[in-house]
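Participant: My file is query21.txt. It has compact mmCIF, C-alpha atoms:
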# COMPACT_ATOMS: atom_id res chain seq x y z
CA MET A 1 70.81 112.68 136.91
CA GLY A 2 74.37 111.55 136.17
CA LEU A 3 75.92 110.55 132.91
CA SER A 4 78.29 107.64 132.43
CA ALA A 5 80.35 106.53 129.46
CA VAL A 6 80.35 102.75 129.17
CA THR A 7 82.57 100.63 126.94
CA VAL A 8 82.05 96.93 126.35
CA LEU A 9 84.54 94.70 124.56
CA GLY A 10 84.32 90.98 124.06
CA VAL A 11 84.26 88.08 121.67
CA ASP A 12 81.23 88.36 119.42
CA ARG A 13 78.42 85.97 120.17
CA PRO A 14 74.65 86.12 119.94
CA GLY A 15 73.15 87.73 123.01
CA VAL A 16 75.94 90.11 123.99
CA ILE A 17 73.90 93.21 123.26
CA ALA A 18 70.83 91.76 124.93
CA ALA A 19 72.81 90.95 128.05
CA VAL A 20 74.46 94.36 128.32
CA THR A 21 71.33 96.38 127.64
CA GLY A 22 69.29 94.13 129.91
CA SER A 23 71.69 94.76 132.76
CA LEU A 24 71.55 98.48 132.14
CA ALA A 25 67.75 98.42 132.18
CA ASP A 26 67.74 96.39 135.37
CA CYS A 27 69.73 99.01 137.20
CA GLY A 28 67.68 101.90 135.88
CA ALA A 29 70.24 103.27 133.45
CA ASN A 30 68.84 104.92 130.34
CA ILE A 31 70.82 104.52 127.13
CA GLN A 32 71.21 107.84 125.32
CA ASP A 33 73.77 107.73 122.51
CA SER A 34 75.36 104.41 121.62
CA THR A 35 77.31 102.75 118.88
CA MET A 36 78.37 99.19 118.35
CA THR A 37 80.43 97.43 115.76
CA LEU A 38 82.47 94.31 115.19
CA LEU A 39 86.22 94.66 115.12
CA GLY A 40 87.91 91.52 113.90
CA GLY A 41 85.35 89.22 115.49
CA HIS A 42 85.14 91.23 118.69
CA VAL A 43 82.13 93.23 119.68
CA ALA A 44 82.91 96.82 120.58
CA MET A 45 80.18 98.87 122.16
CA MET A 46 80.20 102.40 123.53
CA LEU A 47 77.24 103.88 125.33
CA LEU A 48 76.33 107.11 127.02
CA VAL A 49 73.90 106.25 129.80
CA SER A 50 72.05 108.38 132.29
CA GLY A 51 70.59 107.45 135.65
CA GLU A 52 71.16 107.52 139.36
CA VAL A 53 73.53 104.56 139.30
CA ASP A 54 77.22 105.39 139.62
CA ALA A 55 80.01 104.20 137.36
CA ALA A 56 81.39 101.65 139.81
CA GLU A 57 77.98 100.05 140.18
CA LEU A 58 77.53 99.98 136.40
CA THR A 59 80.84 98.21 135.97
CA LYS A 60 79.85 95.67 138.58
CA ARG A 61 76.40 95.06 137.09
CA LEU A 62 77.72 94.67 133.55
CA CYS A 63 80.60 92.39 134.50
CA ALA A 64 80.68 89.09 132.62
CA PRO A 65 83.42 86.50 132.15
CA ASP A 66 83.84 87.14 128.42
CA LEU A 67 83.46 90.92 128.48
CA VAL A 68 85.77 93.78 129.35
CA VAL A 69 83.65 96.58 130.71
CA THR A 70 84.57 100.08 131.76
CA ALA A 71 82.32 102.84 133.03
CA SER A 72 83.24 106.41 133.84
CA ALA A 73 81.22 109.34 135.10
CA ILE A 74 81.30 112.18 132.62
CA GLU A 75 79.82 115.63 132.26
CA ALA A 76 77.46 116.55 129.44
CA ARG A 77 79.24 118.77 126.92
CA ARG A 78 77.88 121.06 124.31
CA HIS A 79 78.77 120.14 120.76
CA PHE A 80 81.72 122.20 119.57
CA CYS A 81 79.94 123.51 116.49
CA ASP A 82 76.59 124.25 118.09
CA ASP A 83 77.16 127.98 118.25
CA GLY A 84 78.67 128.51 114.81
CA GLY A 85 77.13 125.90 112.56
CA GLY A 86 80.05 123.84 111.32
CA LEU A 87 80.13 122.44 107.83
CA GLY A 88 79.72 118.68 107.38
CA TYR A 89 81.93 116.69 105.05
CA VAL A 90 82.60 113.03 104.32
CA LEU A 91 86.21 111.96 103.84
CA THR A 92 87.14 108.78 102.02
CA VAL A 93 90.67 107.40 101.92
CA HIS A 94 91.57 104.13 100.23
CA GLY A 95 94.85 102.61 99.23
CA PRO A 96 97.45 100.06 100.23
CA ASP A 97 97.62 99.35 103.94
CA ARG A 98 100.49 100.93 105.84
CA PRO A 99 101.07 102.37 109.31
CA GLY A 100 100.32 106.04 109.85
CA ILE A 101 97.42 106.67 107.45
CA ILE A 102 94.96 107.85 110.08
CA SER A 103 97.48 109.98 111.92
CA ALA A 104 98.64 111.69 108.74
CA ILE A 105 95.14 112.47 107.54
CA SER A 106 93.75 113.49 110.91
CA ALA A 107 96.69 115.83 111.49
CA VAL A 108 95.81 117.74 108.31
CA LEU A 109 92.21 118.08 109.45
CA ALA A 110 93.18 119.07 112.98
CA ALA A 111 95.49 121.80 111.72
CA ASP A 112 92.43 123.55 110.28
CA GLY A 113 90.26 122.93 113.32
CA GLY A 114 88.45 120.05 111.63
CA ASN A 115 86.70 117.67 113.97
CA ILE A 116 86.26 113.98 113.11
CA THR A 117 82.81 113.14 114.46
CA GLY A 118 82.65 109.58 113.18
CA MET A 119 85.12 107.18 111.62
CA SER A 120 85.22 103.65 110.24
CA THR A 121 88.26 101.88 108.92
CA ARG A 122 88.38 98.50 107.27
CA LEU A 123 91.20 96.34 105.97
CA THR A 124 90.29 93.89 103.24
CA GLY A 125 93.11 92.14 101.48
CA ARG A 126 95.75 94.80 100.78
CA LEU A 127 93.13 97.54 100.64
CA TYR A 128 92.77 99.90 103.57
CA VAL A 129 89.64 102.05 103.65
CA LEU A 130 88.91 104.99 105.92
CA ILE A 131 85.59 106.82 105.94
CA ALA A 132 85.20 109.78 108.28
CA ASP A 133 82.52 112.31 109.06
CA VAL A 134 84.21 115.66 109.47
CA GLU A 135 82.97 119.01 110.71
CA LEU A 136 84.85 122.09 109.67
CA PRO A 137 84.63 125.58 111.11
CA LYS A 138 82.92 127.89 108.63
CA GLU A 139 86.02 129.98 108.03
CA VAL A 140 88.15 127.11 106.71
CA ASP A 141 89.45 127.44 103.14
CA VAL A 142 88.09 124.10 101.96
CA ALA A 143 89.85 124.17 98.59
CA ALA A 144 93.21 124.67 100.28
CA LEU A 145 92.42 121.93 102.78
CA MET A 146 91.56 119.56 99.93
CA ARG A 147 94.88 120.31 98.27
CA ARG A 148 96.71 119.47 101.48
CA LEU A 149 94.72 116.28 101.89
CA ALA A 150 95.47 115.31 98.30
CA ALA A 151 99.17 115.89 98.83
CA VAL A 152 99.19 113.72 101.96
CA GLY A 153 97.16 111.08 100.15
CA ALA A 154 99.62 111.01 97.28
CA GLY A 155 102.42 110.44 99.76
CA LEU A 156 100.52 107.45 101.10
CA ASP A 157 99.71 106.11 97.60
CA SER A 158 96.08 106.55 98.60
CA GLU A 159 93.08 108.09 96.92
CA ILE A 160 91.23 110.76 98.86
CA THR A 161 87.81 112.26 98.30
CA PHE A 162 86.41 115.00 100.49
CA ARG A 163 82.87 116.09 99.77
CA PRO A 164 80.06 117.93 101.50
CA VAL A 165 77.41 115.94 103.28
CA GLU A 166 74.28 115.77 101.16
CA PRO A 167 71.38 115.63 103.59
CA ASP A 168 68.02 114.57 102.24
CA LEU A 169 65.67 117.01 103.94
CA LEU A 170 62.18 115.71 103.37
CA MET B 1 79.18 93.61 68.93
CA THR B 2 80.54 91.57 66.08
CA ARG B 3 82.28 88.81 67.98
CA PRO B 4 80.85 88.37 71.48
CA ALA B 5 81.42 84.64 71.32
CA ASP B 6 85.13 85.11 70.75
CA GLY B 7 85.85 86.79 74.04
CA ARG B 8 87.86 85.17 76.76
CA PRO B 9 87.37 85.84 80.45
CA ARG B 10 90.13 87.88 82.01
CA ALA B 11 91.15 88.19 85.65
CA VAL B 12 89.36 90.93 87.58
CA ILE B 13 91.80 93.16 89.39
CA ASP B 14 91.32 94.19 93.01
CA ALA B 15 91.87 97.54 94.68
CA PRO B 16 94.29 98.99 95.44
CA HIS B 17 95.42 99.13 91.83
CA PRO B 18 96.46 102.20 89.82
CA LEU B 19 94.09 101.35 86.97
CA LEU B 20 91.14 101.56 89.34
CA SER B 21 92.10 105.10 90.26
CA THR B 22 92.80 106.35 86.74
CA SER B 23 90.43 107.99 84.28
CA ALA B 24 90.07 105.68 81.29
CA ASP B 25 90.66 106.75 77.70
CA PRO B 26 87.97 107.11 75.02
CA VAL B 27 88.03 104.38 72.37
CA ASP B 28 87.25 103.94 68.69
CA PRO B 29 84.36 101.48 68.96
CA THR B 30 85.11 100.08 65.50
CA ALA B 31 88.81 99.38 66.15
CA PRO B 32 89.52 95.63 66.11
CA ASP B 33 91.39 95.68 69.42
CA VAL B 34 88.50 97.54 71.06
CA VAL B 35 86.01 95.03 69.65
CA ALA B 36 88.15 92.21 71.02
CA ALA B 37 88.39 93.93 74.41
CA ALA B 38 84.60 94.36 74.45
CA ALA B 39 84.20 90.66 73.80
CA ASP B 40 86.62 89.88 76.62
CA LEU B 41 84.75 92.20 78.96
CA LEU B 42 81.48 90.48 78.15
CA ALA B 43 83.06 87.05 78.57
CA THR B 44 84.44 88.12 81.94
CA LEU B 45 81.02 89.38 83.01
CA ARG B 46 79.48 86.05 82.02
CA HIS B 47 82.19 84.37 84.07
CA GLU B 48 81.36 86.45 87.19
CA PRO B 49 77.88 85.41 88.26
CA SER B 50 77.94 87.57 91.40
CA THR B 51 78.00 90.84 89.52
CA THR B 52 75.68 92.71 87.18
CA GLY B 53 78.34 94.75 85.44
CA LEU B 54 82.01 95.35 84.75
CA ALA B 55 84.13 98.14 83.40
CA ALA B 56 87.24 97.71 81.27
CA PRO B 57 89.64 99.01 83.96
CA GLN B 58 88.56 96.07 86.11
CA ILE B 59 90.10 93.70 83.59
CA GLY B 60 93.23 95.76 83.23
CA LEU B 61 92.27 97.99 80.30
CA SER B 62 92.13 101.75 80.74
CA TRP B 63 89.46 102.13 78.06
CA ARG B 64 85.97 103.55 78.25
CA LEU B 65 84.05 100.30 77.87
CA ILE B 66 81.39 98.92 80.17
CA ALA B 67 79.37 95.72 80.15
CA PHE B 68 76.24 95.02 82.12
CA ASP B 69 73.33 92.66 82.43
CA ALA B 70 70.94 93.85 85.11
CA GLY B 71 68.55 91.02 84.34
CA ARG B 72 70.61 88.69 86.51
CA HIS B 73 69.72 90.80 89.59
CA PRO B 74 66.44 89.74 91.22
CA ARG B 75 65.36 93.29 92.06
CA SER B 76 66.04 94.86 88.68
CA ARG B 77 63.20 96.59 86.86
CA SER B 78 64.49 97.93 83.54
CA ARG B 79 66.39 95.18 81.80
CA THR B 80 68.22 96.29 78.68
CA GLY B 81 69.79 92.89 78.53
CA GLU B 82 73.40 91.90 78.10
CA LEU B 83 75.17 94.88 76.57
CA VAL B 84 78.62 96.34 76.03
CA VAL B 85 78.84 100.09 75.48
CA ALA B 86 81.82 102.12 74.31
CA ASN B 87 82.37 105.68 75.49
CA PRO B 88 79.21 105.72 77.63
CA ARG B 89 78.10 109.15 78.78
CA LEU B 90 75.53 109.98 81.43
CA ALA B 91 73.00 112.36 79.87
CA THR B 92 70.31 112.60 82.53
CA ALA B 93 70.02 111.50 86.15
CA ALA B 94 67.04 111.84 88.46
CA ARG B 95 65.39 110.46 91.58
CA TRP B 96 68.32 109.94 93.89
CA ASP B 97 68.33 107.24 96.51
CA HIS B 98 70.64 105.41 98.87
CA LEU B 99 71.33 101.72 98.57
CA ARG B 100 74.02 99.36 99.73
CA GLU B 101 76.33 98.19 96.97
CA GLY B 102 79.57 96.34 96.50
CA CYS B 103 82.16 95.68 93.82
CA VAL B 104 84.01 92.59 92.66
CA SER B 105 87.18 94.71 92.72
CA VAL B 106 86.63 95.52 96.40
CA PRO B 107 85.90 92.12 97.88
CA GLY B 108 84.66 92.02 101.43
CA LEU B 109 83.16 95.48 101.69
CA THR B 110 79.83 97.10 100.90
CA ALA B 111 78.59 100.61 101.52
CA ASP B 112 75.56 102.82 101.27
CA VAL B 113 75.85 104.96 98.15
CA ARG B 114 73.58 107.69 96.81
CA ARG B 115 72.82 107.35 93.11
CA ALA B 116 70.17 108.32 90.63
CA THR B 117 67.47 105.73 90.11
CA ARG B 118 66.52 106.96 86.64
CA ILE B 119 69.17 107.70 84.06
CA THR B 120 69.75 108.12 80.36
CA VAL B 121 73.09 107.05 78.94
CA HIS B 122 74.44 107.56 75.44
CA GLY B 123 77.26 105.55 73.89
CA HIS B 124 78.28 103.44 70.95
CA LEU B 125 78.14 99.74 70.21
CA PRO B 126 81.52 98.08 69.79
CA GLY B 127 81.96 96.72 66.28
CA THR B 128 79.47 98.77 64.29
CA GLY B 129 79.99 101.99 66.21
CA GLU B 130 76.24 102.48 66.08
CA PRO B 131 74.97 105.06 68.61
CA VAL B 132 72.95 103.62 71.45
CA THR B 133 70.78 105.22 74.13
CA ILE B 134 69.92 103.38 77.32
CA GLU B 135 67.04 104.37 79.57
CA ALA B 136 67.54 102.62 82.89
CA ASP B 137 66.07 102.65 86.36
CA ALA B 138 66.53 100.97 89.74
CA VAL B 139 69.27 98.33 89.82
CA GLU B 140 70.23 98.79 86.20
CA ALA B 141 70.65 102.55 86.67
CA ARG B 142 72.77 101.99 89.76
CA CYS B 143 74.86 99.35 88.02
CA ILE B 144 75.56 101.58 85.01
CA GLN B 145 76.54 104.52 87.22
CA HIS B 146 78.85 102.24 89.17
CA GLN B 147 80.56 101.24 85.92
CA LEU B 148 80.74 104.86 84.73
CA ASP B 149 82.54 105.70 87.97
CA HIS B 150 85.14 103.03 87.18
CA LEU B 151 85.81 104.81 83.89
CA ASP B 152 86.51 107.99 85.87
CA GLY B 153 88.83 106.24 88.32
CA LEU B 154 86.29 106.21 91.13
CA LEU B 155 85.22 103.37 93.39
CA PHE B 156 81.93 103.19 95.25
CA LEU B 157 84.04 103.91 98.34
CA ASP B 158 84.48 107.44 97.03
CA ARG B 159 80.72 107.99 97.31
CA VAL B 160 80.02 106.46 100.72
CA VAL B 161 77.49 108.67 102.49
CA GLY B 162 79.03 108.57 105.96
CA ALA B 163 81.38 106.90 108.41
CA LEU B 164 78.74 104.43 109.55
CA SER B 165 77.82 103.45 105.99
CA LEU B 166 80.79 101.17 105.38
CA HIS B 167 80.14 97.51 106.01
CA ARG B 168 81.87 94.20 105.83
CA SER B 169 80.27 91.74 103.44
CA HIS B 170 80.67 88.19 102.39
CA HIS B 171 79.51 88.89 98.87
CA SER B 172 79.23 91.64 96.29
CA CYS B 173 76.49 92.16 93.79
CA ASP B 174 76.88 95.38 91.88
CA GLY B 175 80.11 94.96 89.99
Take the structure in the file and write it out as structure tokens.
Facilitator:
Amino acid sequence: MGLSAVTVLGVDRPGVIAAVTGSLADCGANIQDSTMTLLGGHVAMMLLVSGEVDAAELTKRLCAPDLVVTASAIEARRHFCDDGGGLGYVLTVHGPDRPGIISAISAVLAADGGNITGMSTRLTGRLYVLIADVELPKEVDVAALMRRLAAVGAGLDSEITFRPVEPDLL
Amino acid sequence: MTRPADGRPRAVIDAPHPLLSTSADPVDPTAPDVVAAAADLLATLRHEPSTTGLAAPQIGLSWRLIAFDAGRHPRSRSRTGELVVANPRLATAARWDHLREGCVSVPGLTADVRRATRITVHGHLPGTGEPVTIEADAVEARCIQHQLDHLDGLLFLDRVVGALSLHRSHHSCDG
């Protein structure tokens, strides 16, 4: 059973999700992981779907006048931290908007092998906010990483917090 | 409070602003300028119907003063009433929970934040300097912790539980 990565972009309106997921169901594609958000009034949806339908057929079936759809066949990949048990952190950055915030912060994380597994950014007024889920290899010196993040944040006039994920195991 | 009626509403500052990222200074709750600031903070809170609390840094004062009135929130349980507290200090915190909250200094955004739902806070009343202890739960507990964070230069954004927990909003309700 093949896997396809599907992206859907379009102007937000009621029924977009229903139309996309309905088309996927009609062609026998099973939605595995998915995420959807609104970006400046546009719907942005990414889905990992499985099924016997190929990417070209998916693109054709999902095509709509107000949507930009892409579909690509992909291979299932093991999560990079599955074998070693990475450490989960939440990164918050907020400060005045300016170009280069994400690249500067992500470069610090990448230098230590940190993997951003989820990210949201929002601009409201002059305030730019970045929240990221980060996984670190176990051997990372977290205190040193936090000092480097703080230094980069200071250069961006931004506040940075970096704290462990606090799962509620019930 | 000796002169709550004398306060005047002040403008609430928005992030990004250095005062919202700075730890506020302790105050003498009996000092006349602190009493006046407390009255202004309360007047500003009364002037902001969308919020249940404010901290002095939000009106441009880096002082450890908070004002709250959880009774204006429909889901509040404990309701201490309208109160201004100087040098508030969190003494106990228990029963943690996630809830979506916002801030009048961060218009347009809300986020899921983990906070204690039962707290005890000690402080002093502006004017007399009389010690006060507040036992709060639910919305009031969350509101007070939100204000305490302001005194430490923290925004609710600094406590967001994950990348997918940040949301756009058309209103704020937790000050």
Participant: Tell me, as a PyMOL selection string, which residues lie within 8 Å of range 94-96 of chain B, counting all atoms listed in the file; anything in the same chain fewer than 4 positions away does not count.
Facilitator: chain B and resi 114-119
Participant: Select residues of chain B: the criterion is any atom within 10 Å of an atom of chain A, counting only C-alpha atoms; output as a ChimeraX atom specification.
Facilitator: /B:14-18,21,96-97,106-109,114,153-155,157-168
Participant: Taking every listed atom of range 96-107 of chain A and adding 6 Å to each side, what centre and edge lengths in Å (one decimal) does the axis-aligned box have, as lines of an AutoDock Vina configuration file?
Facilitator:
center_x = 97.4
center_y = 107.6
center_z = 106.1
size_x = 19.3
size_y = 28.5
size_z = 23.7
Participant: Can you pull out the residues contacting range 125-141 of chain B? Cut-off 8 Å, using all atoms listed in the file, and skip same-chain residues under 6 positions away; I want them as a list in words.
Facilitator: Met1, Thr2, Asp28, Pro29, Thr30, Ala31, Pro32, Val34, Val35, Ala38, Asp69, Ala70, His73, Arg75, Ser76, Arg77, Ser78, Arg79, Thr80, Val84, Val85, Ala86, Ala116, Thr117, Arg118 and Ile119 of chain B
Participant: Just give me the residues with any atom within 10 Å of (90.5, 121.2, 111.9), file coordinates, counting all atoms listed in the file, written as number ranges by chain.
Facilitator: A: 106-116, 134-137, 140, 145
Participant: Which residue gives the smallest distance to Thr7 in chain A among A:Leu169, A:Ala56, A:Val68, A:Leu39, with all atoms listed in the file counted?
Facilitator: A:Val68
Participant: Pick the closest to Ala111 in chain B from B:Arg72, B:Ser169, B:Asp25, B:Arg10: which is it, counting all atoms listed in the file?
Facilitator: B:Ser169
Participant: Enter the distance from CA of Leu87 in chain A to CA of Asp141 in chain A, in Å, rounded to one decimal.
Facilitator: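 Computed distance, CA of Leu87 in chain A to CA of Asp141 in chain A, equals 11.6 Å.
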Participant: Which one of A:Ala144, A:Ala104, A:Leu3, A:Leu9 sits closest to Leu48 in chain A if you count only C-alpha atoms?
Facilitator: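 Going through A:Ala144, A:Ala104, A:Leu3, A:Leu9 one by one, the smallest distance to Leu48 in chain A is for A:Leu3.
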Participant: Write out as an MDAnalysis selection string which residues come within 8 Å of Gly53 in chain B when counting all atoms listed in the file, dropping same-chain ones fewer than 4 positions away.
Facilitator: chainID B and resid 45 66:70 143:144 147 174:175
Participant: By how many Å are CA of Ser105 in chain B and CA of Asp33 in chain B apart?
Facilitator: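 Between CA of Ser105 in chain B and CA of Asp33 in chain B the gap works out to 23.7 Å.
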